[in-house]
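J.: A single structure is presented below for examination.
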Amino acid sequence: MTDTPIYFDNAATTGKKPDSVIQAVCDCLRETNANPGRSGHSLSVKAAEIIYRTREAIGELFNFPKTENIVLTKNATEALNIAIYGTLEEGDEVITTSMEHNSVMRPLTHLESRGTITLNVLWADDNCVVSPEVVRRAMTDRTKLVVITAASNVTGTKMPIEGIYAVCRDAGVKVLVDGAQGAGAVQIDLQKTPYDFLAVTGHKHLYGPQGTGALIVKDPTRLDFFMRGGTGSLSEKTTHPDFPPDRFEAGTLNTPGYAGLAAGIRFILREGLDKMLAYERNVMDYLLEKLLDIDEVEVYARNADRVAAVSFNVKGATGSEVAHYLDKEWRIYARSGLHCAPMAHRTLGTFPRGTVRFSLSYFNTEEEVDRAIEALKEFVRQRG
Ligand SMILES: Cc1ncc(COP(=O)(O)O)c(C=O)c1O
């Protein structure tokens with residue numbers, strides 16, 4: 001048993017947060033704990049400044065200066081739902097991929113089952129990729145939206161989102177990128193590739209607290225909204241404001257959470273995303289090499305371009321047996337199962353068995369990989 005726990009479940013939520021994130025949440029709760037944009041007193045103004053600085057930090061990371069078009073949400077799921085339900089109408093066709101998380105699949109299959117949309121799910125290839133050409137060929141006159149993940153939460157494999165954006169732009173089709181795994185794990189520049197919508201979550205590779213996220217919207221006037229309530233603006237009216245971001249942000253915001261999210265993004269901007277990704281890639285390559293060395297371990301999409309996550313199985317064992325052993329005997333925290341993405345497992349041929357997933361962050365090390373590999377080898381040896 002190791003004394004220090006090893007956290008390899010960063011695709012679920014980054015385990016270690018920078019100290020500055022923890023500090024920012026505590027400072028907000030201690031010193032700036034007022035309701036932003038509601039009361040006129042100076043503490044409320046300071047809280048509103050935290051909210052504004054959060055939009056600014058998000059805008060800086062994704063090169064998107066129109067901060068009023070950055071809608072703060074409680075996670076990627078809320079952001080995806082706002083984009084999907086706010087865009088689609090009777091008769092629209094939607095294209096998506098078999099690698100999507102249920103936070104994309106469930107809203108889309110709900111609209112399909114209601115008869116509102118036609119849904120075309122494109123199967124990914126052996127590297128878990130759907131190519132821009134495959135998307136182009138699937139489009140029809142009725143295609144309104146393509147929803148695509150930047151990176152799979154199951155295999156860590158990247159989708160060619162820039163190429164897919166290019167074919168959609170040429171065809172006049174909107175693109176919604178699910179950046180839950182991609183934000184802070186791949187370079188996204190919204191001046192270069194101005195996706196119609198980018199949905200992100202704050203608590204994964206942006207290193208913020210849970211309960212934070214954002215939807216970055218190219219043209220909010222074309223996006224319907226379904227939550228209405230207090231915004232602190234136009235209080236004399238009983239109708240909801242129609243200007244962004246208030247149009248999409250009814251109710252009190254998670255100010256302490258966003259204080260932490262802004263600090264998480266500032267941490268990335270200070271360190272430099274390129275440097276962080278290069279570091280993670282090295283540790284990931286090291287992990288892959290070691291995993292591939294164990295005969296009893298089957299690694300999925302082994303040759304694909306990926307973020308710092310990988311799925312595997314140990315021959316003759318269920319994923320939960322492996323994850324349970326790592327947790328109880330070695331204090332190594334990893335996730336097993338279907339990871340909320342059943343069609344991704346049908347793509348891999350691992351449905352309903354699922355996989356074990358190791359997902360890394362900037363704070364993991366090669367020494368931790370060595371330890372995890374030792375643990376896996378011991379598991380295999382004991383199963384004999
Ligand atoms: C690819 C992908 N999309 C969406 C989500 C949903 O993120 P959240 O639970 O933060 O809303 C996740 C969460 O794991 C994910 O991995």
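Naming works like this for the structure tokens: A, B, ... for the chains as they're shown, residue 1 at the start of each chain, ligands 1 onward in shown order.
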Please check which protein, DNA or RNA residues sit within 9 Å of ligand 1, counting only C-alpha atoms and all ligand atoms, and write them as a PDB file with N, CA and C atoms, in the first residue's frame.
T.:
```pdb
ATOM      1  N   ALA A  11     -10.225  12.951 -15.790  1.00  0.00           N
ATOM      2  CA  ALA A  11     -11.257  13.207 -16.804  1.00  0.00           C
ATOM      3  C   ALA A  11     -12.631  13.339 -16.150  1.00  0.00           C
ATOM      4  N   ALA A  12     -12.772  12.808 -14.930  1.00  0.00           N
ATOM      5  CA  ALA A  12     -14.028  12.981 -14.191  1.00  0.00           C
ATOM      6  C   ALA A  12     -14.051  14.362 -13.543  1.00  0.00           C
ATOM      7  N   THR A  13     -12.947  14.705 -12.910  1.00  0.00           N
ATOM      8  CA  THR A  13     -12.738  16.055 -12.378  1.00  0.00           C
ATOM      9  C   THR A  13     -11.268  16.119 -11.990  1.00  0.00           C
ATOM     10  N   LYS A  74     -23.541  26.020 -14.945  1.00  0.00           N
ATOM     11  CA  LYS A  74     -23.055  25.252 -13.801  1.00  0.00           C
ATOM     12  C   LYS A  74     -22.146  24.096 -14.224  1.00  0.00           C
ATOM     13  N   ASN A  75     -22.119  23.782 -15.528  1.00  0.00           N
ATOM     14  CA  ASN A  75     -21.239  22.719 -16.043  1.00  0.00           C
ATOM     15  C   ASN A  75     -21.362  22.658 -17.567  1.00  0.00           C
ATOM     16  N   ALA A  76     -20.707  21.704 -18.192  1.00  0.00           N
ATOM     17  CA  ALA A  76     -20.822  21.551 -19.645  1.00  0.00           C
ATOM     18  C   ALA A  76     -22.210  21.059 -20.030  1.00  0.00           C
ATOM     19  N   THR A  77     -22.782  20.218 -19.194  1.00  0.00           N
ATOM     20  CA  THR A  77     -24.111  19.667 -19.491  1.00  0.00           C
ATOM     21  C   THR A  77     -25.126  20.787 -19.683  1.00  0.00           C
ATOM     22  N   GLU A  78     -25.126  21.762 -18.767  1.00  0.00           N
ATOM     23  CA  GLU A  78     -26.064  22.878 -18.899  1.00  0.00           C
ATOM     24  C   GLU A  78     -25.759  23.670 -20.174  1.00  0.00           C
ATOM     25  N   ALA A  79     -24.482  23.882 -20.440  1.00  0.00           N
ATOM     26  CA  ALA A  79     -24.092  24.640 -21.638  1.00  0.00           C
ATOM     27  C   ALA A  79     -24.575  23.917 -22.902  1.00  0.00           C
ATOM     28  N   LEU A  80     -24.386  22.603 -22.950  1.00  0.00           N
ATOM     29  CA  LEU A  80     -24.809  21.820 -24.118  1.00  0.00           C
ATOM     30  C   LEU A  80     -26.329  21.863 -24.271  1.00  0.00           C
ATOM     31  N   MET A  99     -18.964   8.810 -30.469  1.00  0.00           N
ATOM     32  CA  MET A  99     -18.052   8.993 -29.333  1.00  0.00           C
ATOM     33  C   MET A  99     -18.611   9.965 -28.288  1.00  0.00           C
ATOM     34  N   GLU A 100     -19.837  10.418 -28.486  1.00  0.00           N
ATOM     35  CA  GLU A 100     -20.330  11.490 -27.599  1.00  0.00           C
ATOM     36  C   GLU A 100     -20.755  10.986 -26.221  1.00  0.00           C
ATOM     37  N   HIS A 101     -20.609  11.879 -25.286  1.00  0.00           N
ATOM     38  CA  HIS A 101     -21.044  11.687 -23.895  1.00  0.00           C
ATOM     39  C   HIS A 101     -22.573  11.782 -23.843  1.00  0.00           C
ATOM     40  N   ASN A 102     -23.156  11.220 -22.804  1.00  0.00           N
ATOM     41  CA  ASN A 102     -24.619  11.291 -22.675  1.00  0.00           C
ATOM     42  C   ASN A 102     -25.140  12.725 -22.524  1.00  0.00           C
ATOM     43  N   SER A 103     -24.291  13.650 -22.157  1.00  0.00           N
ATOM     44  CA  SER A 103     -24.774  15.029 -22.050  1.00  0.00           C
ATOM     45  C   SER A 103     -25.033  15.628 -23.429  1.00  0.00           C
ATOM     46  N   VAL A 104     -24.533  14.974 -24.471  1.00  0.00           N
ATOM     47  CA  VAL A 104     -24.915  15.308 -25.851  1.00  0.00           C
ATOM     48  C   VAL A 104     -26.012  14.349 -26.318  1.00  0.00           C
ATOM     49  N   THR A 149     -17.568  16.195 -29.996  1.00  0.00           N
ATOM     50  CA  THR A 149     -16.692  16.389 -28.843  1.00  0.00           C
ATOM     51  C   THR A 149     -15.267  16.698 -29.309  1.00  0.00           C
ATOM     52  N   ALA A 150     -14.576  17.532 -28.575  1.00  0.00           N
ATOM     53  CA  ALA A 150     -13.173  17.834 -28.918  1.00  0.00           C
ATOM     54  C   ALA A 150     -12.293  16.633 -28.592  1.00  0.00           C
ATOM     55  N   ALA A 151     -12.661  15.903 -27.527  1.00  0.00           N
ATOM     56  CA  ALA A 151     -11.885  14.722 -27.138  1.00  0.00           C
ATOM     57  C   ALA A 151     -12.818  13.769 -26.402  1.00  0.00           C
ATOM     58  N   SER A 152     -12.609  12.485 -26.629  1.00  0.00           N
ATOM     59  CA  SER A 152     -13.470  11.489 -25.990  1.00  0.00           C
ATOM     60  C   SER A 152     -13.103  11.315 -24.524  1.00  0.00           C
ATOM     61  N   ASN A 153     -14.120  11.252 -23.683  1.00  0.00           N
ATOM     62  CA  ASN A 153     -13.840  11.025 -22.264  1.00  0.00           C
ATOM     63  C   ASN A 153     -13.523   9.562 -21.999  1.00  0.00           C
ATOM     64  N   VAL A 154     -13.785   8.678 -22.962  1.00  0.00           N
ATOM     65  CA  VAL A 154     -13.516   7.253 -22.750  1.00  0.00           C
ATOM     66  C   VAL A 154     -12.075   6.927 -23.137  1.00  0.00           C
ATOM     67  N   ASP A 178     -18.390  20.122 -27.972  1.00  0.00           N
ATOM     68  CA  ASP A 178     -18.395  19.742 -26.570  1.00  0.00           C
ATOM     69  C   ASP A 178     -16.943  19.776 -26.099  1.00  0.00           C
ATOM     70  N   GLY A 179     -16.609  20.829 -25.378  1.00  0.00           N
ATOM     71  CA  GLY A 179     -15.233  21.008 -24.927  1.00  0.00           C
ATOM     72  C   GLY A 179     -15.007  20.550 -23.497  1.00  0.00           C
ATOM     73  N   ALA A 180     -15.879  19.661 -22.994  1.00  0.00           N
ATOM     74  CA  ALA A 180     -15.723  19.232 -21.593  1.00  0.00           C
ATOM     75  C   ALA A 180     -14.346  18.619 -21.358  1.00  0.00           C
ATOM     76  N   GLN A 181     -13.897  17.762 -22.291  1.00  0.00           N
ATOM     77  CA  GLN A 181     -12.571  17.149 -22.141  1.00  0.00           C
ATOM     78  C   GLN A 181     -11.497  17.956 -22.874  1.00  0.00           C
ATOM     79  N   GLY A 182     -11.911  18.757 -23.845  1.00  0.00           N
ATOM     80  CA  GLY A 182     -10.925  19.447 -24.687  1.00  0.00           C
ATOM     81  C   GLY A 182     -10.429  20.767 -24.108  1.00  0.00           C
ATOM     82  N   ALA A 199     -18.998  24.576 -25.627  1.00  0.00           N
ATOM     83  CA  ALA A 199     -19.463  24.279 -24.262  1.00  0.00           C
ATOM     84  C   ALA A 199     -18.280  23.767 -23.457  1.00  0.00           C
ATOM     85  N   VAL A 200     -18.038  24.365 -22.310  1.00  0.00           N
ATOM     86  CA  VAL A 200     -16.920  23.898 -21.473  1.00  0.00           C
ATOM     87  C   VAL A 200     -17.377  23.691 -20.033  1.00  0.00           C
ATOM     88  N   THR A 201     -16.620  22.858 -19.352  1.00  0.00           N
ATOM     89  CA  THR A 201     -16.881  22.667 -17.929  1.00  0.00           C
ATOM     90  C   THR A 201     -15.676  23.206 -17.171  1.00  0.00           C
ATOM     91  N   GLY A 202     -15.919  23.737 -15.979  1.00  0.00           N
ATOM     92  CA  GLY A 202     -14.824  24.410 -15.273  1.00  0.00           C
ATOM     93  C   GLY A 202     -13.946  23.494 -14.448  1.00  0.00           C
ATOM     94  N   HIS A 203     -14.484  22.305 -14.092  1.00  0.00           N
ATOM     95  CA  HIS A 203     -13.835  21.515 -13.035  1.00  0.00           C
ATOM     96  C   HIS A 203     -12.882  20.444 -13.550  1.00  0.00           C
ATOM     97  N   LYS A 204     -12.724  20.374 -14.884  1.00  0.00           N
ATOM     98  CA  LYS A 204     -11.806  19.353 -15.392  1.00  0.00           C
ATOM     99  C   LYS A 204     -10.468  20.025 -15.712  1.00  0.00           C
ATOM    100  N   GLN A 210     -16.051  22.339  -9.033  1.00  0.00           N
ATOM    101  CA  GLN A 210     -17.274  21.789  -9.633  1.00  0.00           C
ATOM    102  C   GLN A 210     -18.389  22.830  -9.526  1.00  0.00           C
ATOM    103  N   GLY A 211     -19.373  22.696 -10.419  1.00  0.00           N
ATOM    104  CA  GLY A 211     -20.478  23.665 -10.413  1.00  0.00           C
ATOM    105  C   GLY A 211     -20.174  24.894 -11.248  1.00  0.00           C
ATOM    106  N   THR A 212     -19.172  24.782 -12.133  1.00  0.00           N
ATOM    107  CA  THR A 212     -18.838  25.919 -12.998  1.00  0.00           C
ATOM    108  C   THR A 212     -18.666  25.436 -14.441  1.00  0.00           C
ATOM    109  N   GLY A 213     -18.993  26.303 -15.372  1.00  0.00           N
ATOM    110  CA  GLY A 213     -18.837  25.984 -16.792  1.00  0.00           C
ATOM    111  C   GLY A 213     -19.232  27.201 -17.607  1.00  0.00           C
ATOM    112  N   HIS A 339     -18.515   5.113 -18.377  1.00  0.00           N
ATOM    113  CA  HIS A 339     -18.128   6.529 -18.415  1.00  0.00           C
ATOM    114  C   HIS A 339     -19.175   7.409 -19.096  1.00  0.00           C
ATOM    115  N   CYS A 340     -20.458   7.082 -18.916  1.00  0.00           N
ATOM    116  CA  CYS A 340     -21.559   7.895 -19.479  1.00  0.00           C
ATOM    117  C   CYS A 340     -21.485   8.033 -20.991  1.00  0.00           C
ATOM    118  N   ALA A 341     -20.878   7.068 -21.669  1.00  0.00           N
ATOM    119  CA  ALA A 341     -20.770   7.176 -23.129  1.00  0.00           C
ATOM    120  C   ALA A 341     -20.976   5.793 -23.748  1.00  0.00           C
TER     121      ALA A 341
END
```
J.: DSSP on the backbone, strand (DSSP E or B) only: what residues of stretch 91-173 of chain A does that give? Format it as a list in words.
T.: Glu93, Val94, Ile95, Thr96, Thr97, Thr118, Leu119, Asn120, Val121, Leu122, Thr143, Lys144, Leu145, Val146, Val147, Ile148, Thr149, Ala151, Thr157 and Lys158 of chain A
J.: May I have the residues within 8 Å of A:Leu348 as a PyMOL selection string, using only C-alpha atoms and disregarding those fewer than 3 positions away in the same chain?
T.: chain A and resi 126+128+300+344-345+351
J.: I need the residues of stretch 107-298 of chain A that end up classed as alpha helix (DSSP H) by DSSP on the backbone, written out as a PyMOL selection string.
T.: chain A and resi 107-113+132-138+161-171+255-271+273-292
J.: Write out as a list in words each polymer residue whose atoms come within 7 Å of A:Ile6, counting only C-alpha atoms; drop sequence neighbours fewer than 5 positions from it.
T.: Arg331, Ile332, Tyr333 and Glu368 of chain A
J.: Could you tell me which of A:Tyr258, A:Tyr165, A:Tyr207, A:Phe197 comes closest to A:Ile50 if we count only C-alpha atoms?
T.: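 Closest to A:Ile50 of all the choices is A:Tyr258.
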J.: Fewer than 5 positions away in the same chain doesn't count, so skip those; otherwise give me all residues within 12 Å of A:Arg228, counting only C-alpha atoms, as a PyMOL selection string.
T.: chain A and resi 238-242+246-252
J.: Export N, CA and C atoms of the chosen residues as an mmCIF file, in the first residue's frame?
T.:
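Done, and the output landed in result-v3.cif:
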```
data_model
loop_
_atom_site.group_PDB
_atom_site.id
_atom_site.type_symbol
_atom_site.label_atom_id
_atom_site.label_comp_id
_atom_site.auth_asym_id
_atom_site.auth_seq_id
_atom_site.Cartn_x
_atom_site.Cartn_y
_atom_site.Cartn_z
ATOM 1 N N THR A 238 -41.442 42.739 -15.821
ATOM 2 C CA THR A 238 -41.758 41.352 -15.441
ATOM 3 C C THR A 238 -41.383 40.381 -16.566
ATOM 4 N N THR A 239 -40.850 40.902 -17.649
ATOM 5 C CA THR A 239 -40.378 40.013 -18.721
ATOM 6 C C THR A 239 -38.854 39.922 -18.658
ATOM 7 N N HIS A 240 -38.344 38.783 -19.133
ATOM 8 C CA HIS A 240 -36.903 38.501 -19.014
ATOM 9 C C HIS A 240 -36.112 39.308 -20.049
ATOM 10 N N PRO A 241 -34.942 39.855 -19.650
ATOM 11 C CA PRO A 241 -34.139 40.607 -20.621
ATOM 12 C C PRO A 241 -33.710 39.728 -21.797
ATOM 13 N N ASP A 242 -33.579 40.348 -22.973
ATOM 14 C CA ASP A 242 -33.186 39.505 -24.113
ATOM 15 C C ASP A 242 -31.763 39.778 -24.572
ATOM 16 N N ASP A 246 -27.315 38.092 -19.757
ATOM 17 C CA ASP A 246 -28.446 37.959 -18.825
ATOM 18 C C ASP A 246 -29.555 37.063 -19.379
ATOM 19 N N ARG A 247 -29.746 37.133 -20.695
ATOM 20 C CA ARG A 247 -30.758 36.316 -21.379
ATOM 21 C C ARG A 247 -30.663 34.832 -20.995
ATOM 22 N N PHE A 248 -29.435 34.374 -20.724
ATOM 23 C CA PHE A 248 -29.219 32.941 -20.462
ATOM 24 C C PHE A 248 -28.837 32.652 -19.002
ATOM 25 N N GLU A 249 -28.824 33.691 -18.172
ATOM 26 C CA GLU A 249 -28.303 33.501 -16.809
ATOM 27 C C GLU A 249 -29.316 33.931 -15.751
ATOM 28 N N ALA A 250 -30.427 33.237 -15.664
ATOM 29 C CA ALA A 250 -31.430 33.575 -14.655
ATOM 30 C C ALA A 250 -30.999 33.035 -13.292
ATOM 31 N N GLY A 251 -31.164 33.850 -12.258
ATOM 32 C CA GLY A 251 -30.855 33.388 -10.901
ATOM 33 C C GLY A 251 -29.428 33.717 -10.477
ATOM 34 N N THR A 252 -29.199 33.564 -9.178
ATOM 35 C CA THR A 252 -27.888 33.912 -8.606
ATOM 36 C C THR A 252 -26.794 32.988 -9.138
#
```
J.: Looking at A:Val322, A:Leu277, A:Ala48, A:Ile265, which one is nearest to A:Ala185, with distances taken over only C-alpha atoms?
T.: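 Nearest to A:Ala185: A:Leu277.
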J.: Measure the distance from atom CA of A:Phe358 to atom CA of A:Glu378 in Å and round it to one decimal.
T.: 17.1 Å
J.: Report as a list of chain:residue names all protein, DNA and RNA residues lying within 9 Å of A:Val129, evaluated on only C-alpha atoms, omitting residues in the same chain fewer than 6 positions from it.
T.: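 Within the cut-off, the hits are A:Thr97, A:Met99, A:Trp123, A:Thr157, A:Lys158, A:Met159, A:Pro160, A:Ala304.
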J.: Any chance you can output those residues with N, CA and C atoms as a compact mmCIF listing (two decimals), in the first residue's frame?
T.:
```txt
# COMPACT_ATOMS: atom_id res chain seq x y z
N THR A 97 -21.65 12.11 -33.35
CA THR A 97 -20.79 10.95 -33.52
C THR A 97 -21.04 9.92 -32.41
N MET A 99 -18.96 8.81 -30.47
CA MET A 99 -18.05 8.99 -29.33
C MET A 99 -18.61 9.96 -28.29
N TRP A 123 -20.61 6.69 -37.03
CA TRP A 123 -19.73 5.78 -36.27
C TRP A 123 -18.28 6.19 -36.46
N THR A 157 -9.22 10.15 -27.11
CA THR A 157 -8.88 10.44 -28.50
C THR A 157 -9.48 11.76 -28.96
N LYS A 158 -8.71 12.46 -29.80
CA LYS A 158 -9.15 13.78 -30.26
C LYS A 158 -9.97 13.64 -31.54
N MET A 159 -10.94 14.53 -31.70
CA MET A 159 -11.70 14.62 -32.95
C MET A 159 -11.10 15.75 -33.79
N PRO A 160 -11.15 15.64 -35.11
CA PRO A 160 -10.62 16.71 -35.96
C PRO A 160 -11.59 17.89 -36.04
N ALA A 304 -3.94 6.22 -31.49
CA ALA A 304 -4.64 7.46 -31.84
C ALA A 304 -3.98 8.68 -31.19
```
J.: I want to know what sits within 12 Å of A:Glu60, based on only C-alpha atoms, with residues of the same chain fewer than 4 positions away left out; could you give that as an MDAnalysis selection string?
T.: chainID A and resid 53:56 64:67 70 188:191 262 265:266 268:270
J.: Take the residues from that selection and write them out as a CSV table (one decimal), in the first residue's frame, keeping N, CA and C atoms.
T.:
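Result went into part33.csv, see below:
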```csv
chain,number,residue,atom,x,y,z
A,53,ARG,N,-14.4,39.3,-14.4
A,53,ARG,CA,-13.0,38.8,-14.6
A,53,ARG,C,-13.0,37.3,-15.0
A,54,THR,N,-14.0,36.6,-14.6
A,54,THR,CA,-14.1,35.2,-15.0
A,54,THR,C,-14.4,35.1,-16.5
A,55,ARG,N,-15.4,35.9,-17.0
A,55,ARG,CA,-15.6,36.0,-18.4
A,55,ARG,C,-14.4,36.4,-19.2
A,56,GLU,N,-13.7,37.4,-18.6
A,56,GLU,CA,-12.5,37.8,-19.3
A,56,GLU,C,-11.4,36.7,-19.4
A,64,PHE,N,-11.4,34.9,-27.4
A,64,PHE,CA,-12.8,35.3,-27.7
A,64,PHE,C,-13.1,36.6,-26.9
A,65,PRO,N,-12.9,37.8,-27.5
A,65,PRO,CA,-13.0,39.0,-26.8
A,65,PRO,C,-14.4,39.5,-26.4
A,66,LYS,N,-15.4,38.9,-27.0
A,66,LYS,CA,-16.8,39.4,-26.7
A,66,LYS,C,-17.3,38.8,-25.5
A,67,THR,N,-16.9,39.3,-24.3
A,67,THR,CA,-17.2,38.7,-23.1
A,67,THR,C,-18.7,38.5,-22.8
A,70,ILE,N,-20.2,35.2,-23.4
A,70,ILE,CA,-19.7,34.1,-22.6
A,70,ILE,C,-20.8,33.9,-21.5
A,188,ILE,N,-7.6,25.7,-28.4
A,188,ILE,CA,-8.8,26.1,-29.0
A,188,ILE,C,-8.7,27.6,-29.2
A,189,ASP,N,-8.7,28.1,-30.4
A,189,ASP,CA,-8.6,29.5,-30.7
A,189,ASP,C,-9.9,29.9,-31.5
A,190,LEU,N,-10.8,30.7,-30.9
A,190,LEU,CA,-12.1,31.0,-31.5
A,190,LEU,C,-12.0,32.1,-32.5
A,191,GLN,N,-10.8,32.7,-32.7
A,191,GLN,CA,-10.7,33.6,-33.8
A,191,GLN,C,-10.4,32.8,-35.1
A,262,ALA,N,-11.8,31.3,-12.5
A,262,ALA,CA,-10.9,32.4,-13.1
A,262,ALA,C,-9.5,32.1,-12.6
A,265,ILE,N,-8.0,29.3,-14.7
A,265,ILE,CA,-7.6,29.7,-16.0
A,265,ILE,C,-6.4,30.6,-16.0
A,266,ARG,N,-6.3,31.4,-15.0
A,266,ARG,CA,-5.1,32.3,-14.8
A,266,ARG,C,-3.9,31.4,-14.6
A,268,ILE,N,-3.4,28.5,-15.8
A,268,ILE,CA,-3.0,27.9,-17.1
A,268,ILE,C,-2.3,29.0,-18.0
A,269,LEU,N,-2.9,30.2,-17.9
A,269,LEU,CA,-2.3,31.3,-18.8
A,269,LEU,C,-0.9,31.6,-18.3
A,270,ARG,N,-0.7,31.5,-17.0
A,270,ARG,CA,0.7,31.8,-16.4
A,270,ARG,C,1.7,30.7,-16.8
```
J.: Could you check which of A:Pro107, A:Pro256, A:Gly184, A:Pro245 is closest to A:Met276, using only C-alpha atoms?
T.: A:Gly184
J.: As an exercise, work out the distance from atom CA of A:Pro352 to atom CA of A:Gln382 in Å and give it to one decimal place.
T.: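 Separating atom CA of A:Pro352 from atom CA of A:Gln382 is a distance of 25.3 Å.
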